[in-house]
Every structure is written in C-alpha cells, then in structure tokens.
Protein chains: 2
Amino acid sequence: MARYGAVEAGGTKFLLAVGEDPLRLEQVTRIETSNEPQETMAAVVEFIRRSGPVEALGVATFGPVDFATGRITTTPKLAWRDFPLRGWLEQALGVPVGFDTDVNGAALAEARYGAGRGVEDLVYFTVGTGIGGGAVAGGRLVHGLMHSEMGHLLVRRAPDEVPGFAGVCPYHGDCLEGMASGPAIEARWGRPAETLPQNHPAWRVEADYLAQACMAVSCVLSPCVIVLGGGVMGQAHLLERIRARTAAYANGYFPLPRIEWPALEHPGLSGALILAVEAAR
Amino acid sequence: MARYGAVEAGGTKFLLAVGEDPLRLEQVTRIETSNEPQETMAAVVEFIRRSGPVEALGVATFGPVDFATGRITTTPKLAWRDFPLRGWLEQALGVPVGFDTDVNGAALAEARYGAGRGVEDLVYFTVGTGIGGGAVAGGRLVHGLMHSEMGHLLVRRAPDEVPGFAGVCPYHGDCLEGMASGPAIEARWGRPAETLPQNHPAWRVEADYLAQACMAVSCVLSPCVIVLGGGVMGQAHLLERIRARTAAYANGYFPLPRIEWPALEHPGLSGALILAVEAAR
C-alpha cells in the first residue's frame, strides 16, 4: 500500500506523522513551531525523509491561508506571514502536497472516520487559544472566497456575561473568539480556563457562546453533526451544557445536529493524511 | 431542444413557467396560493398540460421541506402542512420532479446565470414577509440534516434598535426574521416598510441586521457573492448601507464577498427550471 506524510501545522506546535491509513497514524511526532519558518520546515523535511518515502504530503495548517498561492497570510505570527508553506514543501520533497486549514482537515477526518462517520454534512470547531471552524457539505470541504472563519461569528452577550467585558479579539473585540477562546476566559475571570471548577459561572457563559455558534452553523449549513474539539473543550461537563443551550436557542424550530466530542485522537493530523491521499490522485 | 416546467411555490402566490432555458422563461403566470392545496395543484397541472409537454418539472418551494418525502413540513399555513408536493406532482404529471427550497432555487440560478455568474460559492437571501437564505458551495446546493434556515440566525440588537422591541418570530422573538422581516419593520415603526422614507431610522436598523446576516454567512461559508432579494430590498439606498455596515463589522479581518441585488427577474423560477433540467438527467 502507498505511504503518505501528514503535517498538522499549528501556531505553537507541528504534529507530524506518516502512514497508509488515516486511522493508523505512525510515528506521530511533535515539534515546536519555530519563529524561524525555515527551521520548522527543515525539521518537517527531515522527518519525512527519515520516515518515508511518501507518495504525497498533506498539510492541515493554521491560517488564514490563501489556496491560490499556498501561503499562510495575515497570521499574528509575523515570521510566518506570507510564508509559502505549500510551495516550500513541494519543492523540498518533490511530491504533491495537499493543503487546507487545520479545521477543514479535522472536519474531513471526523466526517469520514470519526464522530460523523456515515454523514456528509459536518462542522468541526476547535476551541482553544483561538476558535476556528471547518465544514464538510455534501461530502466535500467548504471553500469559497477563502475559507470559513467561524471564530469571528458575531455573538450576543451571554445572559450571565460579566458587565463591561469587552472581549479579546484584536479585530472585533466581542466576536465568538473574543468571548469564548481560552484567552477570553482567562481575561474575564483572571484565571486560566483549566483551573476553573465545574460549578464556576464561567462555564455557563462559555456554553452560551458555543451554543450560539452551533445555532449559527445550523441555520447556515444544517449539518448532521457538529464536533467540538480543542483545549477549552477538555471539560467533561461542557458538552451537555452546550447541547442544552443550543436546544433552548433553537426552541423546537428545526431538527438539531448531534453535538459531539471528536472521535479521533488527532483529527487534524488524520485529516492531513486524507489530504495527502487526495493530492496523490 | 427539451422543454421543462418551473414552479416557484410561495405562501401567497405560485409562479409558473415553461421553457428550454432558465434565462428565457415562457408564459410566466401567477396564481394565488389557495388554502386548499388540491386546488392550487389542479391549477399547476392544468398550466403544465396546456403549455407542455415537458420533460420534467422543477419546484422551488416555501418551506420548511423534507427532501426524503418531498413534503412541506411545519409551515404556519396549516392546510399545506405535510402536503406531499413532490409526489403529488410526479403522480399527476408522470414526469420527474426536481424539488428544493425557493431560496436554494434562487441561489442556484443567481450563481449560474445571475449576479454570481462565474463563481461557485454564493448565498441568496430573500427579505420579505419572512427571511430565508439558500447557498451554493463549490457549485452545489447546500443541504444537510434538512436545509439552510438562515432567517433564524441569532442577531445582536442593532445600535439604533427601538428599546424594548421584542421581535416578531413566533419561535425566537428577536432572531434575524424576528427583527428584519417586513412584519418586523411594520410592528416596530407602526407603518409598512414601503411607506417609510429613505431618511427614516428604520433603514439604519434594517441595514445593521442584514449586515449581521452577511457577516454570519461570510464566517461560515466564505461565499464570493451574497445576493439580497425580496420585497424589503426594494429600496434603492439599502444595498449600499448594508455593504458599508458589513465592512464595519468585518473590520478588515477577511476579504468580503460582493453584496449584490439579484440579476435575474425571477431567480426562484429560473432556479426551478434548472432543477427540472437536473431532474430530467
């Protein structure tokens, strides 16, 4: 069977793997994201050379990205701004490189092999340092003018919001990411999310914003499944709260998607491997 | 060339046509929507028999609809609730019937032949008695668990909202439809939308909500073009206000879609003809 390489490129870490099957990633390796892109690239190339040969590489990356040029564009990580990630790897490795956003990769993997196995319409959110969302509609990844930027959905103030909290998004202040990302939780309550106990009001507020996000994508895309991943979702009680709050917002008007945890260990990395398989075709 | 029938089914009127080409609709005919579905159906069948023969029929209908059974489901028009529109017409006419929502039909027609000619990613909103939205992503209509219900997007209060106005949506009160549909405008200001002068504050409020809708679909779908149609959009000044307000909300974070009027005279009916062509394949 053919062998492929997979890269999940994040702002703080890169995850690397090789394999034949998105469900059986081999040699999963984590490297720090350097402030010197060339340095990170050299480590990726070395990993693939050592673990290959591979027929193609798939990259699921932080963004925003430009698909026409294969670049990361307006990231706050200045050294990576306009870095030609796809072209660089194509040239260094001499194989086709499939290229998409990290959340589109994760959405694809969860739709084909994870929580959405058997459905053609799925949204994947990651809730962590930032918030991003990717979508599969009719079995295919959603692109357009660029790609989804679901972290910047406008939200209403949650009923239990702290008065005067302005949000942390540098562009929009109180958009979804500005109100519900890890840094937003820490800015609002003065403590990192993972230190807040289960009965802290933070979680009611958090569930409200993520329910608004579920409601928004349900109205626009009508997915069968919404998968919620990322560091902030590492709270066993949170998913049920979000489901209940989403149902309250929808108020019986339309059938709601299943709202689920990721079923895969590394959705983005498995997605990158799928992108590699498709690039090889 | 083959000839097709097209039906745009609305809650107050049905538009009917036949033709070979979605851009050249023939014998465009309007009939009132009866409270007796059988009566409306008989008129449709008579029209098609008189104007045919047709190879297939396309129906772009008010909803919500269930694609599995071809029925209109929970419409407030009680006589039409659970009416098996697709099956009834298939049986009566003996031809294939393509079937989708009115706004999906309009989105398809505007994407292929109208304001979005040449793009594969487009959202169509109709703003009138209700608000609905349909989408084409990657050249294909967006479906899922059911279909888009963009009228029920949650919105923030517009900065110039009338204090205490609760919205008119029977399910959600102050969702997009509850705040920005024709009946919402009339309930808020005590006068029908079409009687409000251009300098009335109503239009600033209206533009804000519709800009929020444009922002939401941009975050989720990243369309290249958003088309705004429907009775409430019959204000020459409104489109430019919505563009400006959308740009203010996006605040330079991502490239914005073109926001346009419909380019077709009858987007839903042209869409129905496309559905007929596809059903005949």
# chains A, B, ... in the order shown; residues from 1 in each chain; ligands from 1
>>> interface_residues(of="chain B", to="chain A", cutoff="9 Å", atoms="only C-alpha atoms", output="PyMOL selection string")
chain B and resi 64+74+119-122+133-135+137-138+140-157+171-172+212+215-225+249-257
>>> write_last_selection(atoms="C-alpha atoms", output="compact mmCIF listing (two decimals), in the first residue's frame")
# COMPACT_ATOMS: atom_id res chain seq x y z
CA PRO B 64 -39.50 24.03 5.63
CA THR B 74 -44.10 22.72 9.69
CA VAL B 119 -18.44 31.87 -9.11
CA GLU B 120 -19.06 28.59 -7.32
CA ASP B 121 -19.92 29.97 -3.88
CA LEU B 122 -22.96 32.17 -3.39
CA GLY B 133 -31.41 32.03 2.68
CA GLY B 134 -30.05 29.42 0.31
CA ALA B 135 -26.48 28.58 -0.59
CA ALA B 137 -20.94 25.91 -2.16
CA GLY B 138 -18.43 24.52 -4.63
CA ARG B 140 -23.58 22.61 -5.49
CA LEU B 141 -26.64 23.39 -3.39
CA VAL B 142 -26.13 23.12 0.35
CA HIS B 143 -28.30 20.53 2.08
CA GLY B 144 -27.71 18.64 5.27
CA LEU B 145 -29.88 17.42 8.09
CA MET B 146 -32.53 19.48 6.28
CA HIS B 147 -31.71 22.77 4.55
CA SER B 148 -30.46 26.21 5.49
CA GLU B 149 -32.75 28.25 7.73
CA MET B 150 -30.84 31.50 7.59
CA GLY B 151 -33.83 33.57 8.63
CA HIS B 152 -33.43 32.25 12.15
CA LEU B 153 -29.83 33.33 12.68
CA LEU B 154 -29.48 34.96 16.07
CA VAL B 155 -28.58 38.62 15.87
CA ARG B 156 -27.41 41.28 18.27
CA ARG B 157 -29.59 44.28 18.95
CA TYR B 171 -40.16 30.70 17.72
CA HIS B 172 -37.30 33.02 18.63
CA GLN B 212 -25.02 40.82 10.57
CA MET B 215 -21.18 38.64 8.30
CA ALA B 216 -22.54 35.31 9.60
CA VAL B 217 -22.65 33.61 6.22
CA SER B 218 -19.22 35.03 5.38
CA CYS B 219 -17.76 33.47 8.53
CA VAL B 220 -19.41 30.10 7.90
CA LEU B 221 -19.34 29.74 4.11
CA SER B 222 -17.00 32.38 2.73
CA PRO B 223 -19.16 32.99 -0.35
CA CYS B 224 -17.83 35.07 -3.23
CA VAL B 225 -21.19 36.76 -3.70
CA TYR B 249 -18.45 44.55 11.23
CA ALA B 250 -15.70 42.63 9.41
CA ASN B 251 -13.22 45.41 10.23
CA GLY B 252 -10.67 44.33 7.65
CA TYR B 253 -10.23 40.85 9.06
CA PHE B 254 -11.08 38.96 5.90
CA PRO B 255 -11.94 39.68 2.27
CA LEU B 256 -15.64 40.35 1.94
CA PRO B 257 -17.97 38.93 -0.68
>>> select_by_dssp(residues="region 68-246 of chain B", states="alpha helix (DSSP H)", output="JSON, numbers by chain")
{"B": [85, 86, 87, 88, 89, 90, 91, 92, 93, 102, 103, 104, 105, 106, 107, 108, 109, 110, 111, 112, 113, 176, 177, 178, 179, 180, 182, 183, 184, 185, 186, 187, 188, 189, 202, 203, 204, 205, 206, 207, 208, 209, 210, 211, 212, 213, 214, 215, 216, 217, 218, 219, 220, 221, 238, 239, 240, 241, 242, 243, 244, 245, 246]}
>>> select_by_dssp(residues="region 42-115 of chain B", states="strand (DSSP E or B)", output="VMD selection string")
chain B and resid 57 to 61 65 to 66 71 to 72 97 to 101
>>> write_last_selection(atoms="N, CA, C and O atoms", output="PDB file, in the first residue's frame")
ATOM      1  N   LEU B  57     -40.314  18.577 -14.356  1.00  0.00           N
ATOM      2  CA  LEU B  57     -40.777  19.767 -13.655  1.00  0.00           C
ATOM      3  C   LEU B  57     -39.786  20.089 -12.545  1.00  0.00           C
ATOM      4  O   LEU B  57     -39.221  19.180 -11.918  1.00  0.00           O
ATOM      5  N   GLY B  58     -39.568  21.374 -12.296  1.00  0.00           N
ATOM      6  CA  GLY B  58     -38.765  21.794 -11.145  1.00  0.00           C
ATOM      7  C   GLY B  58     -39.621  22.615 -10.207  1.00  0.00           C
ATOM      8  O   GLY B  58     -40.396  23.459 -10.655  1.00  0.00           O
ATOM      9  N   VAL B  59     -39.511  22.344  -8.924  1.00  0.00           N
ATOM     10  CA  VAL B  59     -40.295  23.069  -7.926  1.00  0.00           C
ATOM     11  C   VAL B  59     -39.343  23.697  -6.913  1.00  0.00           C
ATOM     12  O   VAL B  59     -38.562  22.993  -6.271  1.00  0.00           O
ATOM     13  N   ALA B  60     -39.399  25.006  -6.778  1.00  0.00           N
ATOM     14  CA  ALA B  60     -38.653  25.724  -5.731  1.00  0.00           C
ATOM     15  C   ALA B  60     -39.713  26.268  -4.788  1.00  0.00           C
ATOM     16  O   ALA B  60     -40.505  27.123  -5.161  1.00  0.00           O
ATOM     17  N   THR B  61     -39.739  25.745  -3.581  1.00  0.00           N
ATOM     18  CA  THR B  61     -40.907  25.967  -2.733  1.00  0.00           C
ATOM     19  C   THR B  61     -40.610  26.631  -1.398  1.00  0.00           C
ATOM     20  O   THR B  61     -39.489  26.544  -0.895  1.00  0.00           O
ATOM     21  N   VAL B  65     -39.045  22.129   4.219  1.00  0.00           N
ATOM     22  CA  VAL B  65     -39.392  20.941   3.459  1.00  0.00           C
ATOM     23  C   VAL B  65     -38.557  19.757   3.932  1.00  0.00           C
ATOM     24  O   VAL B  65     -37.493  19.918   4.513  1.00  0.00           O
ATOM     25  N   ASP B  66     -39.101  18.583   3.669  1.00  0.00           N
ATOM     26  CA  ASP B  66     -38.388  17.343   3.945  1.00  0.00           C
ATOM     27  C   ASP B  66     -38.043  16.714   2.598  1.00  0.00           C
ATOM     28  O   ASP B  66     -38.929  16.347   1.826  1.00  0.00           O
ATOM     29  N   ARG B  71     -42.120  16.649   1.052  1.00  0.00           N
ATOM     30  CA  ARG B  71     -43.237  17.354   1.684  1.00  0.00           C
ATOM     31  C   ARG B  71     -42.824  18.725   2.215  1.00  0.00           C
ATOM     32  O   ARG B  71     -41.697  18.920   2.633  1.00  0.00           O
ATOM     33  N   ILE B  72     -43.796  19.628   2.260  1.00  0.00           N
ATOM     34  CA  ILE B  72     -43.677  20.839   3.067  1.00  0.00           C
ATOM     35  C   ILE B  72     -44.010  20.400   4.487  1.00  0.00           C
ATOM     36  O   ILE B  72     -44.959  19.642   4.698  1.00  0.00           O
ATOM     37  N   VAL B  97     -39.697  15.146 -11.035  1.00  0.00           N
ATOM     38  CA  VAL B  97     -39.864  16.454 -10.407  1.00  0.00           C
ATOM     39  C   VAL B  97     -38.637  16.776  -9.559  1.00  0.00           C
ATOM     40  O   VAL B  97     -38.346  16.075  -8.591  1.00  0.00           O
ATOM     41  N   GLY B  98     -37.895  17.807  -9.945  1.00  0.00           N
ATOM     42  CA  GLY B  98     -36.805  18.322  -9.116  1.00  0.00           C
ATOM     43  C   GLY B  98     -37.399  19.211  -8.045  1.00  0.00           C
ATOM     44  O   GLY B  98     -38.365  19.934  -8.298  1.00  0.00           O
ATOM     45  N   PHE B  99     -36.839  19.178  -6.853  1.00  0.00           N
ATOM     46  CA  PHE B  99     -37.537  19.751  -5.701  1.00  0.00           C
ATOM     47  C   PHE B  99     -36.528  20.345  -4.741  1.00  0.00           C
ATOM     48  O   PHE B  99     -35.594  19.659  -4.306  1.00  0.00           O
ATOM     49  N   ASP B 100     -36.673  21.622  -4.425  1.00  0.00           N
ATOM     50  CA  ASP B 100     -35.791  22.240  -3.426  1.00  0.00           C
ATOM     51  C   ASP B 100     -36.498  23.454  -2.846  1.00  0.00           C
ATOM     52  O   ASP B 100     -37.630  23.762  -3.212  1.00  0.00           O
ATOM     53  N   THR B 101     -35.804  24.130  -1.927  1.00  0.00           N
ATOM     54  CA  THR B 101     -36.422  25.325  -1.352  1.00  0.00           C
ATOM     55  C   THR B 101     -36.374  26.473  -2.360  1.00  0.00           C
ATOM     56  O   THR B 101     -35.546  26.502  -3.270  1.00  0.00           O
TER      57      THR B 101
END
>>> residues_around(residues="Pro53 (chain A)", least_positions_apart="5", cutoff="9 Å", atoms="only C-alpha atoms", output="CSV table (one decimal) with N, CA, C and O atoms, in the first residue's frame")
chain,number,residue,atom,x,y,z
A,3,ARG,N,2.2,5.0,0.9
A,3,ARG,CA,2.5,5.6,2.2
A,3,ARG,C,2.5,7.1,2.0
A,3,ARG,O,2.9,7.6,1.0
A,4,TYR,N,1.9,7.8,3.0
A,4,TYR,CA,1.8,9.2,2.9
A,4,TYR,C,2.3,9.9,4.1
A,4,TYR,O,2.5,9.3,5.2
A,5,GLY,N,2.6,11.2,4.0
A,5,GLY,CA,3.0,12.0,5.1
A,5,GLY,C,1.9,13.0,5.5
A,5,GLY,O,1.1,13.4,4.7
A,48,ILE,N,10.1,13.5,7.3
A,48,ILE,CA,9.6,12.8,6.2
A,48,ILE,C,10.6,12.0,5.4
A,48,ILE,O,10.4,10.8,5.1
>>> residues_around(residues="region 33-42 of chain A", least_positions_apart="4", cutoff="7 Å", atoms="only C-alpha atoms", output="MDAnalysis selection string")
chainID A and resid 11:14 46 79:80
